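Asker: I'm passing along coords.pdb; it holds PDB, C-alpha atoms.
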```
ATOM      1  CA  GLN V 298     -20.984  -5.069  37.731
ATOM      2  CA  ALA V 299     -18.638  -7.756  39.050
ATOM      3  CA  LEU V 300     -21.677  -9.543  40.503
ATOM      4  CA  LEU V 301     -23.325  -9.404  37.092
ATOM      5  CA  LEU V 302     -20.329 -11.223  35.543
ATOM      6  CA  LEU V 303     -20.347 -13.870  38.264
ATOM      7  CA  SER V 304     -24.065 -14.527  37.752
ATOM      8  CA  LEU V 305     -23.514 -15.463  34.093
ATOM      9  CA  PRO V 306     -23.597 -19.135  33.152
ATOM     10  CA  PRO V 307     -20.051 -20.567  33.335
ATOM     11  CA  LEU V 308     -19.791 -21.183  29.601
ATOM     12  CA  LEU V 309     -20.815 -17.631  28.705
ATOM     13  CA  PHE V 310     -18.457 -16.255  31.369
ATOM     14  CA  LEU V 311     -15.552 -18.277  29.918
ATOM     15  CA  LEU V 312     -16.415 -17.104  26.412
ATOM     16  CA  LEU V 313     -16.447 -13.451  27.512
ATOM     17  CA  LEU V 314     -13.180 -13.933  29.409
ATOM     18  CA  PHE V 315     -11.594 -15.495  26.309
ATOM     19  CA  LEU V 316     -12.749 -12.589  24.134
ATOM     20  CA  LEU V 317     -11.388 -10.081  26.663
ATOM     21  CA  VAL V 318      -7.971 -11.779  26.714
ATOM     22  CA  LEU V 319      -7.985 -11.934  22.910
ATOM     23  CA  PHE V 320      -8.913  -8.218  22.721
ATOM     24  CA  LEU V 321      -6.104  -7.255  25.100
ATOM     25  CA  HIS V 322      -3.566  -9.400  23.240
ATOM     26  CA  VAL V 323      -4.513  -8.099  19.812
ATOM     27  CA  HIS V 324      -4.236  -4.472  20.871
ATOM     28  CA  LEU V 325      -0.641  -4.745  22.110
ATOM     29  CA  TYR V 326       0.289  -4.105  18.509
ATOM     30  CA  GLN V 327      -1.570  -3.145  15.380
ATOM     31  CA  GLU V 328      -2.110  -5.715  12.664
ATOM     32  CA  VAL V 329      -2.399  -4.797   8.998
ATOM     33  CA  GLU V 330      -3.166  -7.240   6.227
ATOM     34  CA  VAL V 331      -2.155  -6.932   2.598
ATOM     35  CA  THR V 332      -3.177  -9.297  -0.177
ATOM     36  CA  GLU V 333      -0.815 -10.525  -2.864
ATOM     37  CA  GLY V 334      -0.926  -8.231  -5.913
ATOM     38  CA  SER V 335      -1.746  -5.046  -3.972
ATOM     39  CA  ASP V 336      -0.098  -1.839  -5.203
ATOM     40  CA  SER V 337       0.697  -0.615  -1.686
ATOM     41  CA  VAL V 338      -0.108  -0.902   2.005
ATOM     42  CA  ILE V 339      -0.070   1.716   4.756
ATOM     43  CA  LEU V 340       1.550   0.890   8.096
ATOM     44  CA  PRO V 341      -0.206   3.333  10.449
ATOM     45  CA  CYS V 342       1.591   5.404  13.081
ATOM     46  CA  ARG V 343       0.478   8.733  14.526
ATOM     47  CA  THR V 344       1.760  11.089  17.186
ATOM     48  CA  SER V 345       0.913  14.615  18.262
ATOM     49  CA  SER V 346       0.833  17.339  15.634
ATOM     50  CA  HIS V 347       3.194  20.329  15.429
ATOM     51  CA  LEU V 348       6.333  18.353  16.199
ATOM     52  CA  PRO V 349       9.649  20.141  16.861
ATOM     53  CA  GLU V 350      11.915  20.671  13.825
ATOM     54  CA  ASP V 351      14.562  18.218  15.091
ATOM     55  CA  THR V 352      12.062  15.314  15.325
ATOM     56  CA  SER V 353      13.104  12.243  13.367
ATOM     57  CA  VAL V 354      11.282   9.014  12.532
ATOM     58  CA  GLU V 355      12.646   5.546  11.811
ATOM     59  CA  TRP V 356      10.791   2.482  10.616
ATOM     60  CA  THR V 357      12.762  -0.697  11.353
ATOM     61  CA  ARG V 358      12.480  -4.477  11.352
ATOM     62  CA  SER V 359      14.471  -6.869  13.473
ATOM     63  CA  GLU V 360      13.555 -10.138  11.753
ATOM     64  CA  PRO V 361      15.128 -11.951  10.014
ATOM     65  CA  GLU V 362      17.870  -9.393  10.782
ATOM     66  CA  PHE V 363      17.895  -5.704  11.694
ATOM     67  CA  MET V 364      16.863  -3.544   8.723
ATOM     68  CA  MET V 365      16.298   0.180   8.344
ATOM     69  CA  VAL V 366      13.029   0.213   6.385
ATOM     70  CA  HIS V 367      12.684   4.010   6.200
ATOM     71  CA  SER V 368      14.203   7.027   7.910
ATOM     72  CA  SER V 369      12.907  10.593   7.808
ATOM     73  CA  ASN V 370      16.494  11.832   7.503
ATOM     74  CA  GLN V 371      17.246   9.395   4.629
ATOM     75  CA  ARG V 372      19.992   7.410   6.336
ATOM     76  CA  ASN V 373      21.046   3.794   5.914
ATOM     77  CA  GLN V 374      17.917   2.433   4.237
ATOM     78  CA  ASP V 375      18.158  -1.287   3.505
ATOM     79  CA  GLY V 376      18.295  -2.038  -0.227
ATOM     80  CA  PHE V 377      15.290  -4.385   0.031
ATOM     81  CA  TYR V 378      13.104  -1.312   0.687
ATOM     82  CA  ARG V 379      14.830   1.229  -1.563
ATOM     83  CA  ASP V 380      12.325   3.146  -3.717
ATOM     84  CA  ARG V 381       9.386   1.303  -2.091
ATOM     85  CA  THR V 382       8.708   3.421   1.025
ATOM     86  CA  GLU V 383       7.288   6.869   1.600
ATOM     87  CA  MET V 384       6.131   8.991   4.535
ATOM     88  CA  ASP V 385       4.044  12.160   4.536
ATOM     89  CA  LYS V 386       6.487  15.006   3.927
ATOM     90  CA  ASP V 387       4.392  17.244   6.199
ATOM     91  CA  PHE V 388       4.624  14.856   9.192
ATOM     92  CA  LEU V 389       6.017  17.560  11.525
ATOM     93  CA  ARG V 390       2.787  19.529  11.174
ATOM     94  CA  THR V 391       0.310  16.617  11.002
ATOM     95  CA  GLY V 392       1.924  14.062  13.326
ATOM     96  CA  ASP V 393       1.080  11.354  10.771
ATOM     97  CA  VAL V 394       4.244   9.254  10.497
ATOM     98  CA  SER V 395       2.537   6.314   8.762
ATOM     99  CA  LEU V 396       4.619   4.458   6.208
ATOM    100  CA  THR V 397       3.427   3.626   2.705
ATOM    101  CA  LEU V 398       5.059   0.452   1.410
ATOM    102  CA  ARG V 399       4.728   0.053  -2.363
ATOM    103  CA  ASN V 400       4.672  -3.284  -4.195
ATOM    104  CA  PRO V 401       4.390  -5.436  -1.050
ATOM    105  CA  ARG V 402       5.990  -8.886  -1.280
ATOM    106  CA  ASP V 403       5.923 -12.112   0.672
ATOM    107  CA  GLY V 404       9.216 -11.130   2.351
ATOM    108  CA  ASP V 405       7.566  -7.981   3.778
ATOM    109  CA  ASP V 406       5.495 -10.097   6.182
ATOM    110  CA  GLY V 407       6.391  -9.431   9.819
ATOM    111  CA  ARG V 408       6.815  -6.929  12.644
ATOM    112  CA  TYR V 409       7.667  -3.272  11.967
ATOM    113  CA  VAL V 410       8.573  -0.704  14.617
ATOM    114  CA  CYS V 411       7.893   2.997  14.142
ATOM    115  CA  THR V 412      10.219   5.030  16.393
ATOM    116  CA  VAL V 413       9.725   8.767  16.821
ATOM    117  CA  TYR V 414      12.591  10.765  18.369
ATOM    118  CA  ARG V 415      11.034  13.961  19.710
ATOM    119  CA  ASP V 416      13.053  16.214  22.041
ATOM    120  CA  GLN V 417      14.048  13.893  24.892
ATOM    121  CA  ASP V 418      11.189  11.457  24.200
ATOM    122  CA  VAL V 419      11.360   8.223  22.238
ATOM    123  CA  LEU V 420       7.963   6.896  21.148
ATOM    124  CA  ARG V 421       7.503   3.411  19.662
ATOM    125  CA  HIS V 422       4.599   1.777  17.885
ATOM    126  CA  THR V 423       4.606  -1.770  16.521
ATOM    127  CA  VAL V 424       2.733  -2.842  13.400
ATOM    128  CA  VAL V 425       2.521  -6.458  12.273
ATOM    129  CA  LEU V 426       2.098  -6.853   8.523
ATOM    130  CA  LYS V 427       0.369 -10.023   7.361
ATOM    131  CA  TYR V 428       1.001 -10.825   3.714
ATOM    132  CA  VAL V 429      -1.754 -13.090   2.429
ATOM    133  CA  LYS V 430      -1.444 -14.916  -0.862
ATOM    134  CA  LYS V 431      -4.584 -14.933  -2.991
ATOM    135  CA  GLY V 432      -6.977 -17.677  -1.963
ATOM    136  CA  GLN V 433      -5.529 -18.142   1.534
ATOM    137  CA  SER V 434      -7.916 -16.008   3.579
ATOM    138  CA  ILE V 435     -10.927 -17.625   5.177
ATOM    139  CA  ARG V 436     -13.532 -15.609   7.037
ATOM    140  CA  SER V 437     -15.874 -17.669   9.131
ATOM    141  CA  GLU V 438     -18.796 -16.529  11.241
ATOM    142  CA  LEU V 439     -19.869 -18.743  14.066
ATOM    143  CA  VAL V 440     -23.126 -18.321  15.931
ATOM    144  CA  VAL V 441     -22.993 -19.702  19.447
ATOM    145  CA  LYS V 442     -26.278 -20.292  21.257
ATOM    146  CA  VAL V 443     -26.066 -21.013  24.961
ATOM    147  CA  LYS V 444     -29.117 -22.793  26.378
ATOM    148  CA  GLY V 445     -31.580 -20.272  27.740
ATOM    149  CA  GLN V 446     -29.405 -17.335  26.641
ATOM    150  CA  SER V 447     -29.276 -15.158  23.575
ATOM    151  CA  GLU V 448     -27.052 -15.862  20.582
ATOM    152  CA  VAL V 449     -23.446 -14.664  20.465
ATOM    153  CA  ASN V 450     -21.920 -13.984  17.036
ATOM    154  CA  LEU V 451     -18.204 -14.593  16.672
ATOM    155  CA  SER V 452     -16.461 -13.484  13.521
ATOM    156  CA  LEU V 453     -13.292 -15.508  13.055
ATOM    157  CA  PHE V 454     -10.587 -14.900  10.503
ATOM    158  CA  PHE V 455      -8.028 -17.451   9.416
ATOM    159  CA  HIS V 456      -5.049 -16.159   7.473
ATOM    160  CA  ARG V 457      -4.083 -19.555   6.213
ATOM    161  CA  THR V 458      -5.960 -22.811   5.929
ATOM    162  CA  LEU V 459      -4.577 -25.609   8.059
ATOM    163  CA  SER V 460      -5.477 -28.983   6.694
ATOM    164  CA  ILE V 461      -5.409 -31.956   9.056
ATOM    165  CA  LEU V 462      -6.686 -35.259   7.746
ATOM    166  CA  GLY V 463      -8.637 -33.466   5.039
ATOM    167  CA  HIS V 464     -10.377 -30.962   7.343
ATOM    168  CA  SER V 465      -9.825 -27.220   7.177
ATOM    169  CA  SER V 466      -9.043 -25.173  10.297
ATOM    170  CA  ALA V 467     -12.564 -23.686  10.107
ATOM    171  CA  ASP V 468     -14.115 -27.196  10.076
ATOM    172  CA  LEU V 469     -11.973 -28.308  13.000
ATOM    173  CA  LEU V 470     -12.826 -25.222  15.058
ATOM    174  CA  HIS V 471     -16.532 -25.560  14.309
ATOM    175  CA  ARG V 472     -16.551 -29.252  15.266
ATOM    176  CA  HIS V 473     -14.546 -28.575  18.425
ATOM    177  CA  LEU V 474     -16.838 -25.779  19.607
ATOM    178  CA  CYS V 475     -19.985 -27.755  18.802
ATOM    179  CA  CYS V 476     -18.765 -30.723  20.825
ATOM    180  CA  TRP V 477     -17.357 -28.580  23.650
ATOM    181  CA  MET V 478     -20.683 -26.854  24.220
TER     182      MET V 478
END
```
Using the file provided, produce a representation of the structure as structure tokens.
Answerer:
Amino acid sequence: QALLLLSLPPLLFLLLLFLLVLFLHVHLYQEVEVTEGSDSVILPCRTSSHLPEDTSVEWTRSEPEFMMVHSSNQRNQDGFYRDRTEMDKDFLRTGDVSLTLRNPRDGDDGRYVCTVYRDQDVLRHTVVLKYVKKGQSIRSELVVKVKGQSEVNLSLFFHRTLSILGHSSADLLHRHLCCWM
């Protein structure tokens, strides 16, 4: 299979390599998007079911400063999140320690860490919440055709529009890729 990759045209090989690196980078953490005006958002986190009785779960943030977002034993929750978070009460049986965040706000944007303390184990899962104001999301599909090869569809998503000299980020990317190929 390595020979198959090396026999690809250089441009297609670079494109596949780029997508592989992007795939590996994206899956180091989970990204969740919530749009302005949403009632709630779920930050997913799962572990094995039938957890021991002394298992505890903490959802924290470290930016802009350390905050206790939610704790299964109800300790030291930051006031910014008071009455806005909830976890499945049956998490010991199900292993679902996802966090529901009600009335998401612009200040909720950022990295959340789910920490599960189970026996001697400490398990961590990171979720990045992207808060998108209405009208700021742009989905763009780009079809790349390499000479003599089949088409490759790339679905690109821009969370915010970057405007440089009157051109959107989607326009700039499209022009750059057209000229590069």
Asker: Interatomic distance between CA of Trp356 in chain V and CA of Gly432 in chain V?
Answerer: 29.7 Å
Asker: So what does the PyMOL selection byres ((chain V and resi 379) around 12) actually pick up in this one, as a PyMOL selection string?
Answerer: chain V and resi 364-368+371-378+380-383+398-400
Asker: What residues come out when you apply the PyMOL selection byres ((chain V and resi 414-421) around 7) to this file, written as a list in words?
Answerer: Pro349, Thr352, Ser353, Val354, Val410, Cys411, Thr412, Val413, His422 and Thr423 of chain V
Asker: Determine the residue membership of the PyMOL selection byres ((chain V and resi 393) around 7) for the file above and supply it as number ranges by chain.
Answerer: V: 342-344, 385, 388, 391-392, 394-395
Asker: For Leu426 in chain V, please output as a PyMOL selection string all residues within 9 Å (counting all atoms listed in the file; exclusion window: fewer than 2 positions along the same chain).
Answerer: chain V and resi 327-331+340+405-409+424+428
Asker: For a test of reading the model, state the distance in Å between CA of Ser346 in chain V and CA of Asn370 in chain V, rounded to one decimal.
Answerer: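 Between CA of Ser346 in chain V and CA of Asn370 in chain V the gap works out to 18.5 Å.
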Asker: Work out how far CA of Asp351 in chain V is from CA of Asp387 in chain V, in Å to one decimal.
Answerer: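 Computing the Euclidean distance for CA of Asp387 in chain V and CA of Asp351 in chain V yields 13.5 Å.
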